[in-house]
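Text of the file coords31.txt, holding compact mmCIF, C-alpha atoms:
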# COMPACT_ATOMS: atom_id res chain seq x y z
CA MET M 142 -50.21 -11.93 41.47
CA THR M 143 -53.96 -11.73 41.24
CA GLY M 144 -56.76 -13.60 39.56
CA ARG M 145 -59.88 -15.64 40.28
CA ARG M 146 -57.99 -18.82 39.64
CA HIS M 147 -55.45 -17.86 42.32
CA ALA M 148 -56.97 -17.39 45.76
CA LEU M 149 -54.41 -14.85 46.81
CA PHE M 150 -54.44 -12.26 49.53
CA PRO M 151 -54.17 -10.84 48.41
CA ARG M 152 -42.66 -13.04 39.72
CA PRO M 153 -16.76 -24.60 39.88
CA LEU M 154 -18.39 -24.67 36.46
CA GLN M 155 -16.32 -24.45 33.31
CA HIS M 156 -15.88 -20.77 32.65
CA GLY M 157 -16.25 -21.52 28.96
CA ILE M 158 -20.04 -21.51 29.43
CA THR M 159 -21.23 -18.14 28.19
CA THR M 160 -24.37 -16.13 28.81
CA ALA M 161 -25.75 -17.32 25.50
CA ALA M 162 -25.16 -20.93 26.47
CA ALA M 163 -26.83 -20.39 29.85
CA GLY M 164 -29.78 -18.78 28.08
CA ALA M 165 -30.00 -21.73 25.73
CA LEU M 166 -30.79 -23.94 28.71
CA LEU M 167 -33.95 -21.91 29.26
CA LEU M 168 -34.96 -21.86 25.60
CA THR M 169 -35.39 -25.61 25.63
CA GLY M 170 -37.90 -25.32 28.48
CA CYS M 171 -35.79 -27.40 30.82
CA GLY M 172 -32.02 -27.66 31.06
CA VAL M 173 -29.30 -28.87 33.40
CA LEU M 174 -26.53 -26.79 34.83
CA PRO M 175 -23.80 -29.31 35.75
CA GLY M 176 -21.04 -28.91 38.26
CA THR M 177 -17.43 -28.43 37.32
CA THR M 178 -15.97 -31.68 38.38
CA GLY M 179 -17.39 -33.94 35.73
CA GLY M 180 -19.23 -36.02 38.33
CA SER M 181 -16.16 -36.75 40.46
CA ARG M 182 -17.98 -35.61 43.60
CA GLU M 183 -21.40 -36.34 44.99
CA HIS M 184 -23.98 -33.90 43.74
CA VAL M 185 -27.29 -32.31 44.68
CA THR M 186 -29.83 -31.87 41.89
CA VAL M 187 -32.60 -29.29 42.22
CA MET M 188 -35.00 -27.49 39.91
CA THR M 189 -35.85 -23.81 39.55
CA TRP M 190 -38.77 -22.75 37.38
CA ALA M 191 -40.28 -19.45 36.30
CA PRO M 192 -42.24 -18.07 33.34
CA ASP M 193 -40.05 -16.87 30.48
CA ARG M 194 -41.64 -17.22 27.04
CA SER M 195 -45.36 -16.82 26.40
CA ASP M 196 -47.64 -15.73 23.59
CA ASP M 197 -49.91 -14.00 26.11
CA ILE M 198 -48.95 -10.33 26.44
CA ASN M 199 -50.46 -10.27 29.94
CA SER M 200 -48.34 -13.13 31.23
CA VAL M 201 -45.62 -12.62 33.82
CA LYS M 202 -41.99 -12.86 32.70
CA MET M 203 -39.40 -13.86 35.32
CA ALA M 204 -36.32 -14.97 33.38
CA GLY M 205 -34.06 -13.55 36.09
CA VAL M 206 -35.15 -16.25 38.54
CA PRO M 207 -33.58 -19.30 36.83
CA ALA M 208 -30.66 -17.13 35.72
CA MET M 209 -29.96 -16.28 39.38
CA ALA M 210 -30.13 -19.98 40.25
CA GLN M 211 -27.55 -20.75 37.56
CA ALA M 212 -25.21 -18.04 38.81
CA TYR M 213 -25.59 -19.34 42.36
CA ALA M 214 -24.65 -22.86 41.23
CA ARG M 215 -21.51 -21.60 39.47
CA TRP M 216 -20.47 -19.73 42.59
CA VAL M 217 -21.14 -22.49 45.10
CA ASN M 218 -19.42 -25.12 42.95
CA ASP M 219 -16.43 -22.86 42.46
CA SER M 220 -16.31 -22.55 46.27
CA GLY M 221 -16.22 -26.30 46.94
CA GLY M 222 -19.92 -27.12 46.61
CA ILE M 223 -22.35 -27.67 49.46
CA GLY M 224 -20.55 -29.76 52.03
CA GLY M 225 -18.37 -31.14 49.24
CA ARG M 226 -21.34 -31.87 46.98
CA ASP M 227 -21.74 -30.20 43.59
CA LEU M 228 -24.97 -28.36 42.92
CA LYS M 229 -26.81 -29.14 39.68
CA VAL M 230 -29.68 -26.89 38.65
CA ILE M 231 -32.40 -27.97 36.25
CA THR M 232 -34.39 -25.04 34.88
CA CYS M 233 -37.92 -25.11 33.51
CA ASP M 234 -40.05 -22.48 31.76
CA GLU M 235 -43.55 -22.80 33.19
CA ARG M 236 -44.84 -20.13 30.75
CA ASP M 237 -47.22 -18.65 33.34
CA THR M 238 -49.83 -21.33 32.62
CA THR M 239 -51.45 -24.02 34.73
CA LEU M 240 -50.35 -26.70 32.27
CA GLY M 241 -46.80 -25.36 32.21
CA ALA M 242 -46.58 -25.33 36.00
CA GLU M 243 -47.85 -28.89 36.24
CA ARG M 244 -45.44 -29.98 33.50
CA CYS M 245 -42.45 -28.53 35.35
CA ALA M 246 -43.51 -30.12 38.63
CA LYS M 247 -43.89 -33.54 37.03
CA GLU M 248 -40.50 -33.10 35.37
CA ALA M 249 -38.98 -32.34 38.77
CA VAL M 250 -40.42 -35.54 40.22
CA GLN M 251 -39.40 -37.67 37.23
CA ARG M 252 -35.84 -36.40 37.32
CA GLY M 253 -35.49 -37.10 41.01
CA VAL M 254 -34.62 -33.60 42.20
CA ALA M 255 -34.00 -33.08 45.89
CA ALA M 256 -36.12 -29.92 45.93
CA VAL M 257 -37.65 -27.17 43.83
CA VAL M 258 -35.89 -24.00 44.93
CA GLY M 259 -36.38 -20.26 44.53
CA SER M 260 -39.02 -20.50 41.83
CA TYR M 261 -41.86 -18.26 40.66
CA SER M 262 -45.33 -19.43 39.67
CA ARG M 263 -48.85 -18.16 40.18
CA HIS M 264 -50.25 -21.65 39.65
CA GLY M 265 -49.81 -23.44 42.95
CA GLN M 266 -53.06 -25.32 42.48
CA SER M 267 -51.38 -27.05 39.53
CA PHE M 268 -47.80 -27.61 40.65
CA MET M 269 -48.18 -28.32 44.35
CA PRO M 270 -50.27 -31.53 44.05
CA ALA M 271 -47.68 -32.96 41.64
CA LEU M 272 -44.85 -32.13 44.06
CA GLU M 273 -46.77 -33.57 47.01
CA ALA M 274 -47.41 -36.79 45.09
CA GLY M 275 -43.67 -37.12 44.51
CA GLY M 276 -42.66 -35.94 47.99
CA VAL M 277 -40.57 -33.05 46.61
CA PRO M 278 -40.16 -30.00 48.90
CA TYR M 279 -40.76 -26.49 47.55
CA ILE M 280 -38.24 -24.11 49.12
CA GLY M 281 -38.61 -20.37 48.96
CA GLY M 282 -41.04 -19.75 46.15
CA TYR M 283 -41.84 -16.11 45.51
CA GLY M 284 -45.14 -16.35 47.36
CA ALA M 285 -47.40 -15.82 44.35
CA SER M 286 -49.88 -18.59 45.20
CA THR M 287 -51.72 -19.51 48.39
CA GLU M 288 -50.63 -23.15 48.18
CA GLU M 289 -47.10 -22.00 49.08
CA PHE M 290 -48.46 -21.04 52.50
CA SER M 291 -50.54 -24.14 53.13
CA SER M 292 -48.74 -27.21 51.71
CA TYR M 293 -46.82 -29.33 54.23
CA LEU M 294 -43.99 -29.56 51.68
CA SER M 295 -43.63 -25.81 51.22
CA TYR M 296 -40.94 -23.80 53.01
CA PRO M 297 -41.63 -20.11 52.25
CA VAL M 298 -38.97 -17.53 53.06
CA ASN M 299 -41.37 -14.55 53.21
CA GLY M 300 -44.94 -13.93 54.31
CA GLY M 301 -46.37 -13.42 50.84
CA GLN M 302 -48.77 -10.68 49.84
CA SER M 303 -50.78 -11.20 53.04
CA ALA M 304 -47.88 -10.02 55.19
CA LEU M 305 -47.28 -7.06 52.87
CA LEU M 306 -50.88 -5.88 53.13
CA ALA M 307 -50.99 -6.37 56.88
CA GLY M 308 -47.81 -4.32 57.19
CA HIS M 309 -48.96 -1.69 54.72
CA GLY M 310 -51.83 -0.69 56.96
CA ARG M 311 -49.32 -0.13 59.76
CA GLN M 312 -47.10 1.91 57.45
CA LEU M 313 -49.93 4.16 56.26
CA ALA M 314 -51.47 4.65 59.69
CA ASP M 315 -48.73 7.06 60.78
CA SER M 316 -49.48 9.66 58.10
CA CYS M 317 -52.84 8.92 56.43
CA GLU M 318 -56.13 10.25 57.80
CA GLN M 319 -58.06 8.32 55.15
CA VAL M 320 -56.99 5.60 52.70
CA SER M 321 -58.57 4.60 49.40
CA LEU M 322 -57.65 1.01 48.48
CA VAL M 323 -57.85 0.11 44.79
CA ARG M 324 -57.68 -3.65 44.39
CA PRO M 325 -58.70 -6.33 41.90
CA ASP M 326 -62.31 -7.43 41.65
CA THR M 327 -61.35 -11.07 42.25
CA ILE M 328 -61.59 -13.70 44.93
CA GLY M 329 -57.98 -12.95 45.83
CA GLY M 330 -58.67 -9.23 46.02
CA ASP M 331 -61.59 -9.78 48.40
CA GLY M 332 -59.20 -10.57 51.25
CA MET M 333 -57.11 -7.43 50.85
CA PRO M 334 -59.23 -4.84 52.73
CA HIS M 335 -59.34 -6.85 55.96
CA LEU M 336 -55.56 -7.25 56.07
CA LEU M 337 -54.94 -3.57 55.32
CA ASP M 338 -57.60 -2.44 57.77
CA ASN M 339 -56.12 -4.45 60.65
CA GLY M 340 -53.08 -2.17 60.56
CA LEU M 341 -55.14 0.99 60.20
CA LEU M 342 -57.61 0.14 62.97
CA ALA M 343 -54.80 -0.75 65.37
CA ALA M 344 -53.69 2.89 65.10
CA GLU M 345 -57.28 4.13 65.48
CA ARG M 346 -57.57 5.12 61.84
CA PRO M 347 -60.79 4.51 59.92
CA ARG M 348 -61.18 1.54 57.61
CA SER M 349 -60.00 2.00 54.05
CA THR M 350 -62.43 2.78 51.24
CA ASP M 351 -62.66 -0.35 49.10
CA ILE M 352 -62.56 0.36 45.36
CA LEU M 353 -62.82 -2.58 42.98
CA ALA M 354 -61.03 -2.59 39.62
CA PRO M 355 -60.87 -5.04 36.70
CA GLU M 356 -57.61 -6.94 36.41
CA ASP M 357 -57.03 -6.40 32.72
CA ALA M 358 -58.12 -2.81 32.08
CA THR M 359 -56.10 -0.53 29.82
CA SER M 360 -57.32 2.56 31.69
CA TYR M 361 -58.48 3.17 35.25
CA ASP M 362 -59.88 6.68 34.94
CA ALA M 363 -63.14 5.83 36.74
CA GLN M 364 -61.41 4.07 39.62
CA ALA M 365 -58.80 6.84 39.87
CA ALA M 366 -61.50 9.51 40.10
CA GLN M 367 -63.32 7.55 42.79
CA ALA M 368 -60.12 6.95 44.76
CA LEU M 369 -59.18 10.62 44.62
CA ALA M 370 -62.64 11.81 45.65
CA ARG M 371 -62.87 9.42 48.60
CA SER M 372 -59.32 9.81 49.91
CA GLY M 373 -60.03 13.12 51.60
CA GLY M 374 -56.85 14.44 50.02
CA SER M 375 -54.87 11.99 52.12
CA CYS M 376 -53.70 8.63 50.69
CA VAL M 377 -54.44 6.28 47.79
CA THR M 378 -52.99 2.80 47.63
CA ALA M 379 -53.26 0.46 44.65
CA VAL M 380 -52.44 -3.26 44.68
CA LEU M 381 -53.10 -4.38 41.12
CA GLY M 382 -50.01 -6.39 40.27
CA GLY M 383 -48.80 -5.56 36.78
CA ARG M 384 -51.67 -3.08 36.27
CA THR M 385 -50.62 -0.83 39.16
CA GLU M 386 -48.55 1.29 36.78
CA THR M 387 -51.61 1.76 34.54
CA PHE M 388 -53.71 2.88 37.50
CA PHE M 389 -51.23 5.49 38.72
CA ASP M 390 -50.85 6.85 35.19
CA SER M 391 -54.59 7.48 35.24
CA PHE M 392 -54.50 8.80 38.80
CA ARG M 393 -51.74 11.37 38.35
CA ARG M 394 -53.50 12.85 35.31
CA LEU M 395 -56.56 13.60 37.45
CA GLU M 396 -54.77 15.44 40.23
CA ALA M 397 -55.10 19.19 40.21
CA ASP M 398 -51.96 21.25 39.63
CA GLY M 399 -50.02 21.61 42.85
CA GLU M 400 -52.01 18.87 44.58
CA ARG M 401 -50.18 15.68 45.51
CA VAL M 402 -52.08 12.96 47.31
CA ARG M 403 -49.79 10.41 48.95
CA VAL M 404 -49.71 7.20 46.87
CA SER M 405 -48.58 3.79 48.04
CA SER M 406 -48.42 0.09 47.23
CA VAL M 407 -46.60 -3.14 48.09
CA LEU M 408 -43.70 -4.92 46.44
CA GLY M 409 -44.94 -7.09 43.63
CA SER M 410 -47.13 -4.23 42.44
CA VAL M 411 -44.33 -1.63 42.64
CA SER M 412 -40.64 -2.47 42.30
CA GLN M 413 -37.35 -0.71 41.67
CA PRO M 414 -37.21 -1.92 38.04
CA LEU M 415 -40.71 -0.45 37.50
CA ILE M 416 -39.67 2.86 39.04
CA ASN M 417 -36.59 2.95 36.80
CA ARG M 418 -38.65 2.16 33.72
CA THR M 419 -41.23 4.85 34.41
CA GLY M 420 -38.84 7.74 34.87
CA GLY M 421 -36.93 7.27 38.11
CA ARG M 422 -37.26 10.45 40.16
CA ASP M 423 -39.81 11.70 37.60
CA SER M 424 -41.93 8.55 37.81
CA PRO M 425 -45.49 8.65 39.19
CA PHE M 426 -44.18 6.70 42.18
CA GLU M 427 -41.87 9.41 43.52
CA GLY M 428 -42.69 9.84 47.21
CA ALA M 429 -44.73 6.63 47.35
CA TYR M 430 -44.80 4.44 50.43
CA VAL M 431 -44.04 0.78 49.68
CA THR M 432 -44.08 -2.22 52.01
CA GLY M 433 -41.55 -4.96 51.24
CA TRP M 434 -40.28 -8.24 52.63
CA TYR M 435 -36.57 -7.48 52.63
CA PRO M 436 -34.21 -4.54 53.14
CA ASP M 437 -34.18 -2.04 50.28
CA SER M 438 -32.01 -3.04 47.34
CA GLY M 439 -29.34 -0.47 48.19
CA ASP M 440 -28.72 -2.04 51.60
CA THR M 441 -25.20 -3.39 52.13
CA ARG M 442 -26.62 -6.76 53.17
CA TRP M 443 -27.21 -7.47 49.47
CA LYS M 444 -23.50 -7.12 48.66
CA PRO M 445 -22.73 -10.88 48.70
CA MET M 446 -25.50 -11.49 46.16
CA ARG M 447 -24.34 -8.60 43.98
CA ASP M 448 -20.76 -9.87 44.09
CA VAL M 449 -21.90 -13.32 42.93
CA ILE M 450 -23.94 -11.80 40.10
CA GLN M 451 -21.03 -9.66 38.99
CA ARG M 452 -18.55 -12.54 38.96
CA TYR M 453 -20.65 -15.55 37.96
CA ALA M 454 -23.51 -14.26 35.81
CA PHE M 455 -21.15 -13.37 32.94
CA GLY M 456 -23.00 -10.15 32.19
CA ASP M 457 -26.36 -11.91 31.96
CA ASN M 458 -28.79 -9.00 31.68
CA ARG M 459 -31.72 -11.17 32.72
CA ILE M 460 -30.59 -10.79 36.32
CA ASP M 461 -31.54 -7.50 37.98
CA PRO M 462 -30.28 -7.44 41.59
CA ASP M 463 -33.02 -4.92 42.41
CA ASP M 464 -35.71 -7.42 41.41
CA THR M 465 -37.50 -8.92 44.41
CA ALA M 466 -37.92 -12.24 42.59
CA VAL M 467 -34.15 -12.48 42.05
CA GLN M 468 -33.59 -11.58 45.69
CA THR M 469 -36.02 -14.27 46.82
CA THR M 470 -34.18 -16.86 44.72
CA TRP M 471 -30.92 -15.92 46.44
CA ILE M 472 -32.52 -16.36 49.87
CA ALA M 473 -34.14 -19.65 48.86
CA TYR M 474 -30.80 -21.11 47.77
CA THR M 475 -29.33 -19.94 51.07
CA ALA M 476 -32.00 -22.06 52.75
CA LEU M 477 -31.19 -25.04 50.51
CA ARG M 478 -27.51 -24.74 51.39
CA ALA M 479 -28.32 -24.82 55.09
CA ALA M 480 -30.57 -27.86 54.70
CA VAL M 481 -28.05 -29.84 52.65
CA GLY M 482 -25.31 -28.85 55.07
CA ALA M 483 -27.33 -30.43 57.87
CA ILE M 484 -27.41 -33.80 56.07
CA ASP M 485 -24.43 -35.91 57.06
CA ASP M 486 -23.50 -38.78 54.75
CA GLY M 487 -25.39 -40.38 51.91
CA ASP M 488 -27.55 -39.09 49.11
CA VAL M 489 -29.43 -35.83 49.37
CA THR M 490 -33.01 -36.92 48.78
CA PRO M 491 -36.31 -34.98 48.99
CA GLY M 492 -37.18 -36.78 52.20
CA ARG M 493 -33.86 -35.95 53.85
CA VAL M 494 -34.10 -32.29 52.80
CA SER M 495 -37.61 -32.03 54.27
CA ALA M 496 -36.51 -33.82 57.45
CA ALA M 497 -33.60 -31.40 57.90
CA LEU M 498 -35.89 -28.40 57.61
CA ASN M 499 -38.69 -29.90 59.73
CA ARG M 500 -36.38 -30.68 62.61
CA GLY M 501 -35.27 -27.05 62.89
CA THR M 502 -32.26 -26.39 60.69
CA GLU M 503 -31.59 -22.67 61.08
CA VAL M 504 -31.12 -20.51 58.00
CA ASP M 505 -28.99 -17.41 58.52
CA THR M 506 -29.64 -15.08 55.58
CA GLY M 507 -27.16 -12.43 56.64
CA GLY M 508 -29.88 -10.15 57.96
CA LEU M 509 -31.98 -10.16 54.78
CA THR M 510 -34.67 -11.93 56.80
CA PRO M 511 -34.96 -13.03 60.39
CA THR M 512 -33.36 -16.42 61.04
CA LEU M 513 -35.62 -18.92 59.28
CA ARG M 514 -36.80 -22.25 60.73
CA TRP M 515 -39.79 -24.44 59.87
CA ARG M 516 -40.43 -26.44 63.01
CA PHE M 517 -44.08 -26.75 64.01
CA ARG M 518 -43.67 -24.17 66.77
CA ASP M 519 -42.13 -21.69 64.30
CA LEU M 520 -45.26 -21.60 62.12
CA VAL M 521 -47.48 -18.55 62.49
CA GLY M 522 -50.56 -20.66 63.15
CA ALA M 523 -53.03 -18.67 61.04
CA PRO M 524 -55.58 -21.01 59.41
CA SER M 525 -55.33 -19.22 56.06
CA TYR M 526 -51.52 -19.39 55.88
CA PRO M 527 -50.26 -22.09 58.25
CA ARG M 528 -46.79 -22.40 56.66
CA ILE M 529 -45.67 -18.79 57.20
CA VAL M 530 -42.65 -18.54 59.50
CA ASN M 531 -41.42 -15.08 58.48
CA THR M 532 -43.93 -12.43 59.55
CA LYS M 533 -41.54 -9.50 59.20
CA VAL M 534 -41.82 -6.69 56.63
CA THR M 535 -39.94 -3.49 55.86
CA PHE M 536 -41.23 0.06 55.31
CA GLN M 537 -39.77 1.84 52.30
CA VAL M 538 -40.33 5.11 50.45
CA VAL M 539 -39.37 6.25 46.95
CA ARG M 540 -36.85 9.10 47.21
CA GLU M 541 -35.02 10.51 44.20
CA GLY M 542 -36.20 7.55 42.14
CA ARG M 543 -34.92 4.90 44.56
CA LEU M 544 -36.66 2.66 47.07
CA THR M 545 -35.04 3.53 50.39
CA ALA M 546 -35.72 2.59 53.99
CA GLN M 547 -38.44 4.71 55.59
CA ARG M 548 -37.90 3.00 58.91
CA LYS M 549 -34.94 0.94 60.08
CA GLY M 550 -35.31 -2.74 60.74
CA PHE M 551 -38.22 -5.13 60.38
CA VAL M 552 -41.81 -4.75 61.51
CA ASP M 553 -43.61 -7.84 62.82
CA VAL M 554 -47.16 -8.28 61.48
CA THR M 555 -48.02 -11.54 63.25
CA GLU M 556 -50.92 -9.99 65.14
CA ALA M 557 -52.54 -8.63 61.98
CA LEU M 558 -52.22 -12.02 60.29
CA THR M 559 -53.62 -14.07 63.17
CA ASP M 560 -56.25 -11.78 64.74
CA ALA M 561 -59.93 -12.27 64.10
CA PRO M 562 -61.49 -9.39 62.12
CA ARG M 563 -61.52 -6.23 64.15
CA SER M 564 -64.77 -4.38 64.75
As structure tokens:
Amino acid sequence: MTGRRHALFPRPLQHGITTAAAGALLLTGCGVLPGTTGGSREHVTVMTWAPDRSDDINSVKMAGVPAMAQAYARWVNDSGGIGGRDLKVITCDERDTTLGAERCAKEAVQRGVAAVVGSYSRHGQSFMPALEAGGVPYIGGYGASTEEFSSYLSYPVNGGQSALLAGHGRQLADSCEQVSLVRPDTIGGDGMPHLLDNGLLAAERPRSTDILAPEDATSYDAQAAQALARSGGSCVTAVLGGRTETFFDSFRRLEADGERVRVSSVLGSVSQPLINRTGGRDSPFEGAYVTGWYPDSGDTRWKPMRDVIQRYAFGDNRIDPDDTAVQTTWIAYTALRAAVGAIDDGDVTPGRVSAALNRGTEVDTGGLTPTLRWRFRDLVGAPSYPRIVNTKVTFQVVREGRLTAQRKGFVDVTEALTDAPRS
């Protein structure tokens, strides 16, 4: 989620279709998931894209995103569709490249989709102009590019990395006397200290120590030593995207025996799948504070999504219900369903979907987010991210190898996002 090219602040249908067949749709780059009725009902066609295959070992892989979209379509069609309309999902592999993202966006326009929904791409500067030229709304992207929070055709369901950082300062302020922030030496990384410090300064804590790190390092020994020395034995937070694991490997090796400095991060840099992969309760993230957008993955509010995955994903192991990208796709399709449901008769077109959302269609996500609306007066109003409507975050902590709630409910970070820099 970082990089100089991304100015971030800051990845009923016939039951005869198998997991292999669903995967084959992705292998072609783009594929269609039809409804079950053979075209006997009206239908809604949308696209979901994400990076899947790439020759670049540093590229992001998010195959679970289109797989979740496919499972959602099977479920909603098996349940009568959206207002009697079948849902058709076109998938596209954007390969984590600017050209791939632009290709998918142009494909969406050419194929006349009503919206691009629940997708993941870091390349908003490539895909958003193509969608704007075709008038296609972008509903509930992951939040990995700044264009998602500025384009008039974007309808984000979370506050992106900016909201996470603003909330993280609030989370750390309760227990950290001093914070070392390790962040990428990029344009995107340059905005991180201010957002984190807003939360710290509001609780009369000192500003964080800003430690710059290369995005693509294989070791962070120098940065880890600096972070440890300047933390005052208190707290070290790292927001390095996919390299966060590498940093904390270096950091934990430098700690003296019996000494445990509190470590922390935000979702997108730390996730439940990462914790599982690095040892669970024995991972370097045990005890870490993590700020997220949604309730922790063990929360009962995720049960409807888990039930759909269990019944309609056909054992597709690309879908991890603990993955924040998969969760965001679920919420994005919930928003699509509300928008289409607000359209009375006639075709579901991009213009009619946008109009439904702009005029205040409410999206009830079952408590996974606040009620979502995108009227003008619902927008946060910050010049850097004018399209944010959800300014709520959650505070979590890693206990026994699981991300669990540190504090009940949501925390509103509107003030930290909209305030001028504190002095």
Quick one: residues within 12 Å of Gly224 of chain M, only C-alpha atoms counted, chain neighbours fewer than 5 positions away excluded, as a PDB file with C-alpha atoms, in the frame of the given file?
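Saved to around17.pdb:
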ATOM      1  CA  ARG M 182     -17.980 -35.610  43.600  1.00  0.00           C
ATOM      2  CA  GLU M 183     -21.400 -36.340  44.990  1.00  0.00           C
ATOM      3  CA  HIS M 184     -23.980 -33.900  43.740  1.00  0.00           C
ATOM      4  CA  VAL M 185     -27.290 -32.310  44.680  1.00  0.00           C
ATOM      5  CA  VAL M 217     -21.140 -22.490  45.100  1.00  0.00           C
ATOM      6  CA  ASN M 218     -19.420 -25.120  42.950  1.00  0.00           C
ATOM      7  CA  LEU M 477     -31.190 -25.040  50.510  1.00  0.00           C
ATOM      8  CA  ARG M 478     -27.510 -24.740  51.390  1.00  0.00           C
ATOM      9  CA  ALA M 479     -28.320 -24.820  55.090  1.00  0.00           C
ATOM     10  CA  ALA M 480     -30.570 -27.860  54.700  1.00  0.00           C
ATOM     11  CA  VAL M 481     -28.050 -29.840  52.650  1.00  0.00           C
ATOM     12  CA  GLY M 482     -25.310 -28.850  55.070  1.00  0.00           C
ATOM     13  CA  ALA M 483     -27.330 -30.430  57.870  1.00  0.00           C
ATOM     14  CA  ILE M 484     -27.410 -33.800  56.070  1.00  0.00           C
ATOM     15  CA  ASP M 485     -24.430 -35.910  57.060  1.00  0.00           C
ATOM     16  CA  ASP M 486     -23.500 -38.780  54.750  1.00  0.00           C
ATOM     17  CA  GLY M 487     -25.390 -40.380  51.910  1.00  0.00           C
ATOM     18  CA  VAL M 489     -29.430 -35.830  49.370  1.00  0.00           C
TER      19      VAL M 489
END
Point (-22.7, -20.2, 46.8) neighbourhood (7 Å, all atoms listed in the file) written as a PyMOL selection string: chain M and resi 213-214+216-217+220
All residues 9 Å or closer to Gly373 of chain M, only C-alpha atoms, same chain fewer than 2 positions away omitted, as a ChimeraX atom specification: /M:318-321,369-371,375-376
Could you pull the residues within 8 Å of segment 198-203 of chain M, counting all atoms listed in the file, minus those fewer than 2 positions along the same chain, as an mmCIF file with C-alpha atoms, in the frame of the given file?
data_model
loop_
_atom_site.group_PDB
_atom_site.id
_atom_site.type_symbol
_atom_site.label_atom_id
_atom_site.label_comp_id
_atom_site.auth_asym_id
_atom_site.auth_seq_id
_atom_site.Cartn_x
_atom_site.Cartn_y
_atom_site.Cartn_z
ATOM 1 C CA ARG M 152 -42.660 -13.040 39.720
ATOM 2 C CA ALA M 191 -40.280 -19.450 36.300
ATOM 3 C CA PRO M 192 -42.240 -18.070 33.340
ATOM 4 C CA ASP M 193 -40.050 -16.870 30.480
ATOM 5 C CA ARG M 194 -41.640 -17.220 27.040
ATOM 6 C CA SER M 195 -45.360 -16.820 26.400
ATOM 7 C CA ASP M 196 -47.640 -15.730 23.590
ATOM 8 C CA GLY M 205 -34.060 -13.550 36.090
ATOM 9 C CA VAL M 206 -35.150 -16.250 38.540
ATOM 10 C CA ARG M 236 -44.840 -20.130 30.750
ATOM 11 C CA ASP M 237 -47.220 -18.650 33.340
ATOM 12 C CA TYR M 261 -41.860 -18.260 40.660
ATOM 13 C CA ALA M 466 -37.920 -12.240 42.590
#
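Residues with at least one atom no more than 9 Å from (-33.8, 2.6, 43.3), using all atoms listed in the file, are Ser412, Gln413, Pro414, Ile416, Asn417, Gly421, Asp437, Ser438, Gly439, Asp463, Val539, Arg540, Glu541, Gly542, Arg543, Leu544 and Thr545 of chain M.
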Please report as a tab-separated table every residue of segment 399-509 of chain M lying within 12 Å of segment 325-341 of chain M, along with the nearest atom pair and their distance in Å (one decimal), using all atoms listed in the file.
residue	atom	partner	partner_atom	distance
M:Ser406	CA	M:Leu337	CA	11.0
M:Val407	CA	M:Leu337	CA	11.0
M:Ser410	CA	M:Pro325	CA	11.8
M:Thr432	CA	M:Leu337	CA	11.4
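Here atom CA of Ile450 of chain M and atom CA of Pro436 of chain M stand 18.1 Å from one another.
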Residue nearest Asp553 of chain M - candidates M:Ala523, M:Leu305, M:Leu240, M:Ala365, atoms counted: all atoms listed in the file: M:Leu305
Counting only C-alpha atoms, the residue of M:Val538, M:Val521, M:Leu558, M:Leu509 that sits nearest Arg403 of chain M: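 Under the stated criterion, the closest residue is M:Val538.
Using all atoms listed in the file, the smallest distance between any of M:Thr506, M:Thr385, M:Ser295, M:Thr239 and Arg324 of chain M comes from M:Thr385.
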Spatial neighbours of Thr469 of chain M, max dist 8 Å, all atoms listed in the file, sep filter under 2 positions, as JSON, numbers by chain: {"M": [259, 281, 282, 283, 298, 465, 466, 467, 471, 472, 473]}
Tyr453 of chain M surroundings by only C-alpha atoms, 7 Å radius, close-in-sequence under 2 positions cut, as a PyMOL selection string: chain M and resi 212+215-216+449-451+455
Just write the chosen residues, C-alpha atoms, as a PDB file, in the coordinates of the input.
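Saved file result.pdb follows:
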ATOM      1  CA  ALA M 212     -25.210 -18.040  38.810  1.00  0.00           C
ATOM      2  CA  ARG M 215     -21.510 -21.600  39.470  1.00  0.00           C
ATOM      3  CA  TRP M 216     -20.470 -19.730  42.590  1.00  0.00           C
ATOM      4  CA  VAL M 449     -21.900 -13.320  42.930  1.00  0.00           C
ATOM      5  CA  ILE M 450     -23.940 -11.800  40.100  1.00  0.00           C
ATOM      6  CA  GLN M 451     -21.030  -9.660  38.990  1.00  0.00           C
ATOM      7  CA  PHE M 455     -21.150 -13.370  32.940  1.00  0.00           C
TER       8      PHE M 455
END
Distance of atom CA of Val534 of chain M from atom CA of Thr189 of chain M, expressed in Å to one decimal place: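 Interatomic distance here is 24.9 Å.
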Minimum-distance residue to Ala496 of chain M, chosen among M:Tyr293, M:Phe268, M:Phe426, M:Phe389 (using all atoms listed in the file): M:Tyr293
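Note that atom CA of Gly222 of chain M and atom CA of Arg516 of chain M are 26.3 Å apart.
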Given all atoms listed in the file as the counted atoms, nearest of M:Ala368, M:Ala363, M:Leu498, M:Leu408 to Leu381 of chain M: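 Comparing M:Ala368, M:Ala363, M:Leu498, M:Leu408 against Leu381 of chain M, the winner is M:Leu408.
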